[in-house]
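Asks: Structure file coords.txt (compact mmCIF, C-alpha atoms) right here:
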```
# COMPACT_ATOMS: atom_id res chain seq x y z
CA MET A 1 18.28 12.68 -26.68
CA ALA A 2 18.23 8.89 -26.65
CA LEU A 3 15.95 6.07 -25.66
CA LEU A 4 17.58 3.94 -22.99
CA PRO A 5 17.07 0.19 -22.43
CA ILE A 6 15.01 -0.59 -19.32
CA LEU A 7 16.04 -3.51 -17.13
CA GLU A 8 13.28 -6.05 -16.48
CA PHE A 9 12.52 -8.19 -13.46
CA PRO A 10 14.13 -10.52 -12.39
CA ASP A 11 17.39 -8.86 -13.57
CA PRO A 12 19.66 -8.78 -10.47
CA ARG A 13 20.89 -5.27 -11.34
CA LEU A 14 17.46 -4.00 -10.24
CA ARG A 15 18.44 -5.04 -6.69
CA LYS A 16 21.49 -2.76 -6.49
CA VAL A 17 21.27 0.12 -4.03
CA ALA A 18 21.97 3.43 -5.76
CA SER A 19 24.74 5.83 -4.69
CA PRO A 20 24.20 9.54 -4.10
CA VAL A 21 24.67 11.93 -7.01
CA THR A 22 27.64 14.20 -6.25
CA VAL A 23 28.38 15.79 -9.64
CA PHE A 24 25.85 18.09 -11.27
CA ASP A 25 27.13 18.60 -14.80
CA LEU A 26 26.15 18.41 -18.47
CA LYS A 27 26.43 14.60 -18.40
CA LEU A 28 23.77 14.51 -15.66
CA GLU A 29 21.56 16.93 -17.64
CA VAL A 30 21.74 14.64 -20.69
CA LEU A 31 20.97 11.58 -18.56
CA ILE A 32 17.90 13.31 -17.08
CA ASP A 33 16.64 14.32 -20.55
CA ASP A 34 17.21 10.77 -21.86
CA MET A 35 15.34 9.36 -18.87
CA PHE A 36 12.34 11.59 -19.57
CA GLU A 37 12.36 10.62 -23.24
CA THR A 38 12.54 6.92 -22.30
CA MET A 39 9.77 7.25 -19.69
CA TYR A 40 7.41 9.12 -22.04
CA ASP A 41 8.12 6.73 -24.92
CA SER A 42 7.33 3.77 -22.64
CA GLN A 43 4.05 5.34 -21.44
CA GLY A 44 5.36 5.50 -17.86
CA ILE A 45 4.79 8.07 -15.12
CA GLY A 46 8.09 7.50 -13.33
CA LEU A 47 11.56 6.14 -13.98
CA ALA A 48 14.45 5.59 -11.57
CA ALA A 49 18.05 5.57 -12.79
CA THR A 50 18.42 2.03 -11.41
CA GLN A 51 15.93 0.84 -14.04
CA ILE A 52 18.32 1.91 -16.81
CA ASP A 53 21.35 0.36 -15.08
CA VAL A 54 22.65 3.67 -13.71
CA HIS A 55 22.99 3.20 -9.98
CA LYS A 56 22.69 6.82 -8.89
CA ARG A 57 19.96 8.31 -6.67
CA LEU A 58 18.02 9.99 -9.47
CA LEU A 59 14.41 9.68 -10.59
CA VAL A 60 12.08 11.43 -12.99
CA ILE A 61 8.29 11.63 -12.71
CA ASP A 62 5.37 13.11 -14.60
CA VAL A 63 1.92 12.12 -13.32
CA SER A 64 0.07 14.79 -15.34
CA GLU A 65 -2.51 13.71 -17.93
CA SER A 66 -0.94 16.01 -20.54
CA LYS A 67 2.64 14.89 -19.81
CA ASP A 68 3.79 18.47 -19.35
CA SER A 69 4.77 18.51 -15.66
CA PRO A 70 8.17 16.82 -15.47
CA LEU A 71 9.68 16.49 -12.01
CA VAL A 72 13.30 15.59 -11.19
CA PHE A 73 14.32 14.25 -7.79
CA ILE A 74 18.03 13.78 -7.07
CA ASN A 75 19.15 12.19 -3.79
CA PRO A 76 15.52 12.02 -2.63
CA SER A 77 14.30 11.02 0.81
CA PHE A 78 10.88 11.28 2.39
CA GLU A 79 9.05 11.24 5.66
CA ILE A 80 5.47 10.12 6.17
CA ILE A 81 3.13 12.97 7.07
CA GLU A 82 -0.12 11.05 6.73
CA ASP A 83 -0.19 7.50 8.11
CA GLU A 84 -3.43 6.55 6.36
CA LEU A 85 -2.72 4.16 3.50
CA SER A 86 -3.78 4.56 -0.13
CA GLU A 87 -4.16 1.54 -2.38
CA TYR A 88 -3.18 1.78 -6.03
CA ASP A 89 -2.86 -0.79 -8.76
CA GLU A 90 0.82 -0.26 -9.41
CA GLY A 91 2.60 -1.17 -12.58
CA CYS A 92 6.25 -0.78 -13.48
CA LEU A 93 8.29 -0.35 -16.63
CA SER A 94 10.62 -3.04 -15.22
CA VAL A 95 7.71 -5.46 -14.70
CA PRO A 96 5.86 -4.91 -18.00
CA GLY A 97 2.25 -6.00 -18.32
CA PHE A 98 1.62 -6.64 -14.62
CA TYR A 99 -0.38 -4.59 -12.12
CA GLU A 100 -0.90 -5.38 -8.45
CA THR A 101 -2.54 -3.49 -5.60
CA VAL A 102 0.00 -1.97 -3.21
CA SER A 103 -0.74 0.04 -0.05
CA ARG A 104 1.50 3.01 0.72
CA PRO A 105 1.28 6.05 3.02
CA LYS A 106 -1.14 8.65 1.63
CA GLY A 107 0.94 11.77 2.34
CA ILE A 108 4.70 12.33 2.35
CA LYS A 109 7.18 15.20 2.60
CA VAL A 110 10.04 14.80 0.12
CA GLN A 111 13.49 16.36 0.34
CA ALA A 112 15.62 16.26 -2.80
CA GLN A 113 17.83 18.23 -5.16
CA ASP A 114 16.91 19.49 -8.61
CA ARG A 115 18.94 19.04 -11.78
CA LYS A 116 21.22 21.95 -10.78
CA GLY A 117 21.83 20.56 -7.28
CA GLU A 118 19.53 23.04 -5.51
CA LYS A 119 17.76 21.53 -2.49
CA PHE A 120 13.97 21.62 -2.34
CA GLU A 121 11.12 20.13 -0.37
CA ILE A 122 7.57 19.29 -1.40
CA GLU A 123 4.56 17.62 0.15
CA ALA A 124 2.87 15.01 -2.00
CA GLU A 125 -0.28 12.93 -1.76
CA GLY A 126 -2.31 10.66 -3.99
CA ILE A 127 -0.74 9.25 -7.12
CA LEU A 128 2.30 11.57 -6.86
CA ALA A 129 3.10 10.30 -3.34
CA THR A 130 2.67 6.71 -4.51
CA CYS A 131 4.88 7.25 -7.56
CA ILE A 132 7.65 8.92 -5.54
CA GLN A 133 7.66 6.06 -3.01
CA HIS A 134 7.64 3.47 -5.83
CA GLU A 135 10.63 5.12 -7.56
CA ILE A 136 12.60 5.62 -4.33
CA ASP A 137 12.09 1.89 -3.71
CA HIS A 138 13.96 1.28 -6.98
CA LEU A 139 16.89 3.34 -5.69
CA ASP A 140 16.93 1.07 -2.63
CA GLY A 141 16.88 -2.13 -4.71
CA LYS A 142 13.19 -2.88 -4.13
CA LEU A 143 10.37 -3.53 -6.60
CA PHE A 144 6.60 -3.30 -6.18
CA VAL A 145 6.43 -7.10 -6.52
CA ASP A 146 8.19 -7.27 -3.13
CA TYR A 147 4.89 -6.10 -1.60
CA ILE A 148 2.82 -8.97 -2.99
CA SER A 149 2.66 -12.65 -2.08
CA ALA A 150 5.60 -14.90 -2.90
CA LEU A 151 3.30 -17.02 -5.08
CA LYS A 152 2.18 -14.06 -7.23
CA ARG A 153 5.78 -12.79 -7.44
CA GLN A 154 6.99 -16.22 -8.63
CA ARG A 155 4.24 -16.38 -11.26
CA ILE A 156 5.23 -12.96 -12.61
CA ARG A 157 8.92 -13.96 -12.57
CA SER A 158 8.19 -17.16 -14.51
CA LYS A 159 6.10 -15.38 -17.14
CA LEU A 160 8.73 -12.68 -17.69
CA GLU A 161 11.56 -15.24 -17.85
CA LYS A 162 9.62 -17.08 -20.58
CA GLU A 163 9.17 -13.81 -22.49
CA HIS A 164 12.89 -13.04 -22.18
CA LYS A 165 13.79 -16.50 -23.55
CA LYS A 166 11.42 -16.04 -26.52
CA SER A 167 12.91 -12.68 -27.44
CA ALA A 168 16.55 -13.73 -26.93
```
Rewrite the coordinates I just gave you, this time as structure tokens.
Replies:
Amino acid sequence: MALLPILEFPDPRLRKVASPVTVFDLKLEVLIDDMFETMYDSQGIGLAATQIDVHKRLLVIDVSESKDSPLVFINPSFEIIEDELSEYDEGCLSVPGFYETVSRPKGIKVQAQDRKGEKFEIEAEGILATCIQHEIDHLDGKLFVDYISALKRQRIRSKLEKEHKKSA
């Protein structure tokens, strides 16, 4: 397994819309395992393939405290089953060090494929529903900072650009 570099805002590659996964092979299995290793190493609870510059509709999630409940969603889509909104202070491995309150639907029904290509469906609420929506946004070229004011987004962008220049 390998740790993969994570793209950081405002990298334009984070705005690419991901393509469906059509081949379920050993290469995909390795990518999924590498994504989990990268996510766990970075102290994250979710990682979309877009964040590692792989523009395929694939995401990995583990919202458990013990980090022993890995979930894989390939070609995911969802429908809202509970209109009430939940607010969470969202963070993102692609926007390191920043957290902002985002409102998202409380309950969703997700359709996806597993690592073998088998279709499945789950209902999610709470932090899992929020995380799934956050990661699917990545696959659609969106970031959680798109939900906050332009002023806050510009401040975050400026701070991260400064950090990138320092480390370059």
Asks: Name the closest residue to Glu79 (chain A) among the candidates A:Ile148, A:Met35, A:Ile52, A:Ala112; distances are taken between atoms, counting all atoms listed in the file.
Replies: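 Closest candidate: A:Ala112.
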Asks: How many Å lie between CA of Ser86 (chain A) and CA of Ser103 (chain A), rounded to one decimal?
Replies: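 Distance between the two atoms: 5.4 Å.
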Asks: Can you list every residue of region 17-124 of chain A that has an atom at most 10 Å from region 156-161 of chain A, with its nearest atom pair and the distance in Å to one decimal, using only C-alpha atoms, ordered by chain then number, as a tab-separated table?
Replies:
```
residue	atom	partner	partner_atom	distance
A:Val95	CA	A:Leu160	CA	7.9
A:Pro96	CA	A:Leu160	CA	8.3
A:Gly97	CA	A:Leu160	CA	9.3
A:Phe98	CA	A:Ile156	CA	7.6
```
Asks: Please write as a ChimeraX atom specification the list of polymer residues whose atoms come within 10 Å of (3.0, 12.0, -17.3), counting all atoms listed in the file and keeping to the coordinates of the file.
Replies: /A:36,39-40,43-46,61-71
Asks: What does the structure give for the distance between CA of Leu143 (chain A) and CA of Arg15 (chain A), in Å to one decimal?
Replies: 8.2 Å
Asks: From the list A:Thr50, A:Thr101, A:Thr38, A:Asn75, which residue is nearest Arg115 (chain A) when using only C-alpha atoms?
Replies: A:Asn75
Asks: Pick from A:Pro105, A:Gly117, A:Pro76, A:Pro5: nearest to Ala18 (chain A), with all atoms listed in the file counted?
Replies: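 Checking each candidate against Ala18 (chain A), we get A:Pro76 as the closest.
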Asks: In Å, with one decimal, what is the gap from CA of Asp146 (chain A) to CA of Ile74 (chain A)?
Replies: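 Value for the CA of Asp146 (chain A)-CA of Ile74 (chain A) distance: 23.6 Å.
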Asks: Padding 5 Å on every side, please: axis-aligned box over the listed atoms of region 121-128 of chain A, centre and edge lengths to one decimal in Å, as JSON.
Replies:
```
{"center_x": 4.4, "center_y": 14.7, "center_z": -3.5, "size_x": 23.4, "size_y": 20.9, "size_z": 17.3}
```
Asks: Take the point (27.2, 14.7, -6.4) as written in the file and pick out every residue within 10 Å of it, counting all atoms listed in the file; give the list as a list in words.
Replies: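 Collected hits near the coordinates: Ser19, Pro20, Val21, Thr22, Val23, Phe24, Asp25, Leu28, Lys56, Arg57, Ile74, Asn75 and Gly117 of chain A.
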Asks: Take the residues that were just selected and, keeping C-alpha atoms, output them as a PDB file, in the coordinates of the input.
Replies:
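Saved file again13.pdb follows:
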```
ATOM      1  CA  SER A  19      24.740   5.830  -4.690  1.00  0.00           C
ATOM      2  CA  PRO A  20      24.200   9.540  -4.100  1.00  0.00           C
ATOM      3  CA  VAL A  21      24.670  11.930  -7.010  1.00  0.00           C
ATOM      4  CA  THR A  22      27.640  14.200  -6.250  1.00  0.00           C
ATOM      5  CA  VAL A  23      28.380  15.790  -9.640  1.00  0.00           C
ATOM      6  CA  PHE A  24      25.850  18.090 -11.270  1.00  0.00           C
ATOM      7  CA  ASP A  25      27.130  18.600 -14.800  1.00  0.00           C
ATOM      8  CA  LEU A  28      23.770  14.510 -15.660  1.00  0.00           C
ATOM      9  CA  LYS A  56      22.690   6.820  -8.890  1.00  0.00           C
ATOM     10  CA  ARG A  57      19.960   8.310  -6.670  1.00  0.00           C
ATOM     11  CA  ILE A  74      18.030  13.780  -7.070  1.00  0.00           C
ATOM     12  CA  ASN A  75      19.150  12.190  -3.790  1.00  0.00           C
ATOM     13  CA  GLY A 117      21.830  20.560  -7.280  1.00  0.00           C
TER      14      GLY A 117
END
```
Asks: Taking all atoms listed in the file into account, name the residue in A:Arg104, A:Lys142, A:Lys152, A:Lys109 that is nearest to Ile127 (chain A).
Replies: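 Of A:Arg104, A:Lys142, A:Lys152, A:Lys109, the one nearest Ile127 (chain A), counting all atoms listed in the file, is A:Arg104.
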Asks: For Gln113 (chain A), which residue among A:Phe73, A:Phe78, A:Phe9, A:Tyr88 is the nearest when counting only C-alpha atoms?
Replies: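 Ranking A:Phe73, A:Phe78, A:Phe9, A:Tyr88 by distance to Gln113 (chain A), first place goes to A:Phe73.
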Asks: As an mmCIF file, in the frame of the given file, could you write out region 117-139 of chain A once it has been completed with N, CA, C and O atoms?
Replies:
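So the final result, stored in part.cif, reads:
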```cif
data_model
loop_
_atom_site.group_PDB
_atom_site.id
_atom_site.type_symbol
_atom_site.label_atom_id
_atom_site.label_comp_id
_atom_site.auth_asym_id
_atom_site.auth_seq_id
_atom_site.Cartn_x
_atom_site.Cartn_y
_atom_site.Cartn_z
ATOM 1 N N GLY A 117 21.268 20.837 -8.598
ATOM 2 C CA GLY A 117 21.830 20.560 -7.280
ATOM 3 C C GLY A 117 21.193 21.380 -6.167
ATOM 4 O O GLY A 117 21.575 21.238 -5.003
ATOM 5 N N GLU A 118 20.214 22.223 -6.514
ATOM 6 C CA GLU A 118 19.530 23.040 -5.510
ATOM 7 C C GLU A 118 18.589 22.163 -4.692
ATOM 8 O O GLU A 118 17.816 21.386 -5.253
ATOM 9 N N LYS A 119 18.639 22.304 -3.357
ATOM 10 C CA LYS A 119 17.760 21.530 -2.490
ATOM 11 C C LYS A 119 16.352 22.096 -2.517
ATOM 12 O O LYS A 119 16.156 23.313 -2.620
ATOM 13 N N PHE A 120 15.370 21.197 -2.432
ATOM 14 C CA PHE A 120 13.970 21.620 -2.340
ATOM 15 C C PHE A 120 13.200 20.596 -1.534
ATOM 16 O O PHE A 120 13.688 19.502 -1.248
ATOM 17 N N GLU A 121 11.992 20.985 -1.160
ATOM 18 C CA GLU A 121 11.120 20.130 -0.370
ATOM 19 C C GLU A 121 9.699 20.307 -0.873
ATOM 20 O O GLU A 121 9.289 21.436 -1.167
ATOM 21 N N ILE A 122 8.977 19.208 -1.015
ATOM 22 C CA ILE A 122 7.570 19.290 -1.400
ATOM 23 C C ILE A 122 6.762 18.294 -0.560
ATOM 24 O O ILE A 122 7.314 17.320 -0.050
ATOM 25 N N GLU A 123 5.481 18.581 -0.440
ATOM 26 C CA GLU A 123 4.560 17.620 0.150
ATOM 27 C C GLU A 123 3.785 17.011 -1.008
ATOM 28 O O GLU A 123 3.426 17.702 -1.963
ATOM 29 N N ALA A 124 3.561 15.712 -0.925
ATOM 30 C CA ALA A 124 2.870 15.010 -2.000
ATOM 31 C C ALA A 124 1.829 14.076 -1.402
ATOM 32 O O ALA A 124 2.014 13.530 -0.312
ATOM 33 N N GLU A 125 0.741 13.905 -2.144
ATOM 34 C CA GLU A 125 -0.280 12.930 -1.760
ATOM 35 C C GLU A 125 -0.841 12.305 -3.020
ATOM 36 O O GLU A 125 -0.487 12.702 -4.131
ATOM 37 N N GLY A 126 -1.682 11.304 -2.842
ATOM 38 C CA GLY A 126 -2.310 10.660 -3.990
ATOM 39 C C GLY A 126 -1.299 9.945 -4.864
ATOM 40 O O GLY A 126 -0.292 9.413 -4.390
ATOM 41 N N ILE A 127 -1.565 9.988 -6.165
ATOM 42 C CA ILE A 127 -0.740 9.250 -7.120
ATOM 43 C C ILE A 127 0.712 9.755 -7.127
ATOM 44 O O ILE A 127 1.648 8.973 -7.300
ATOM 45 N N LEU A 128 0.929 11.059 -6.892
ATOM 46 C CA LEU A 128 2.300 11.570 -6.860
ATOM 47 C C LEU A 128 3.059 10.968 -5.682
ATOM 48 O O LEU A 128 4.208 10.521 -5.840
ATOM 49 N N ALA A 129 2.444 10.905 -4.511
ATOM 50 C CA ALA A 129 3.100 10.300 -3.340
ATOM 51 C C ALA A 129 3.411 8.834 -3.601
ATOM 52 O O ALA A 129 4.501 8.351 -3.277
ATOM 53 N N THR A 130 2.465 8.125 -4.193
ATOM 54 C CA THR A 130 2.670 6.710 -4.510
ATOM 55 C C THR A 130 3.821 6.540 -5.486
ATOM 56 O O THR A 130 4.701 5.695 -5.297
ATOM 57 N N CYS A 131 3.838 7.348 -6.533
ATOM 58 C CA CYS A 131 4.880 7.250 -7.560
ATOM 59 C C CYS A 131 6.260 7.547 -6.974
ATOM 60 O O CYS A 131 7.231 6.828 -7.248
ATOM 61 N N ILE A 132 6.360 8.586 -6.153
ATOM 62 C CA ILE A 132 7.650 8.920 -5.540
ATOM 63 C C ILE A 132 8.146 7.758 -4.685
ATOM 64 O O ILE A 132 9.317 7.356 -4.778
ATOM 65 N N GLN A 133 7.261 7.182 -3.870
ATOM 66 C CA GLN A 133 7.660 6.060 -3.010
ATOM 67 C C GLN A 133 8.080 4.853 -3.852
ATOM 68 O O GLN A 133 9.066 4.176 -3.542
ATOM 69 N N HIS A 134 7.331 4.585 -4.925
ATOM 70 C CA HIS A 134 7.640 3.470 -5.830
ATOM 71 C C HIS A 134 9.037 3.659 -6.430
ATOM 72 O O HIS A 134 9.847 2.720 -6.469
ATOM 73 N N GLU A 135 9.330 4.868 -6.914
ATOM 74 C CA GLU A 135 10.630 5.120 -7.560
ATOM 75 C C GLU A 135 11.773 5.125 -6.557
ATOM 76 O O GLU A 135 12.863 4.628 -6.854
ATOM 77 N N ILE A 136 11.549 5.661 -5.349
ATOM 78 C CA ILE A 136 12.600 5.620 -4.330
ATOM 79 C C ILE A 136 12.894 4.169 -3.951
ATOM 80 O O ILE A 136 14.055 3.802 -3.709
ATOM 81 N N ASP A 137 11.853 3.323 -3.934
ATOM 82 C CA ASP A 137 12.090 1.890 -3.710
ATOM 83 C C ASP A 137 13.110 1.353 -4.700
ATOM 84 O O ASP A 137 14.005 0.581 -4.329
ATOM 85 N N HIS A 138 12.990 1.741 -5.975
ATOM 86 C CA HIS A 138 13.960 1.280 -6.980
ATOM 87 C C HIS A 138 15.382 1.662 -6.581
ATOM 88 O O HIS A 138 16.314 0.866 -6.742
ATOM 89 N N LEU A 139 15.554 2.872 -6.084
ATOM 90 C CA LEU A 139 16.890 3.340 -5.690
ATOM 91 C C LEU A 139 17.443 2.520 -4.522
ATOM 92 O O LEU A 139 18.652 2.447 -4.330
#
```
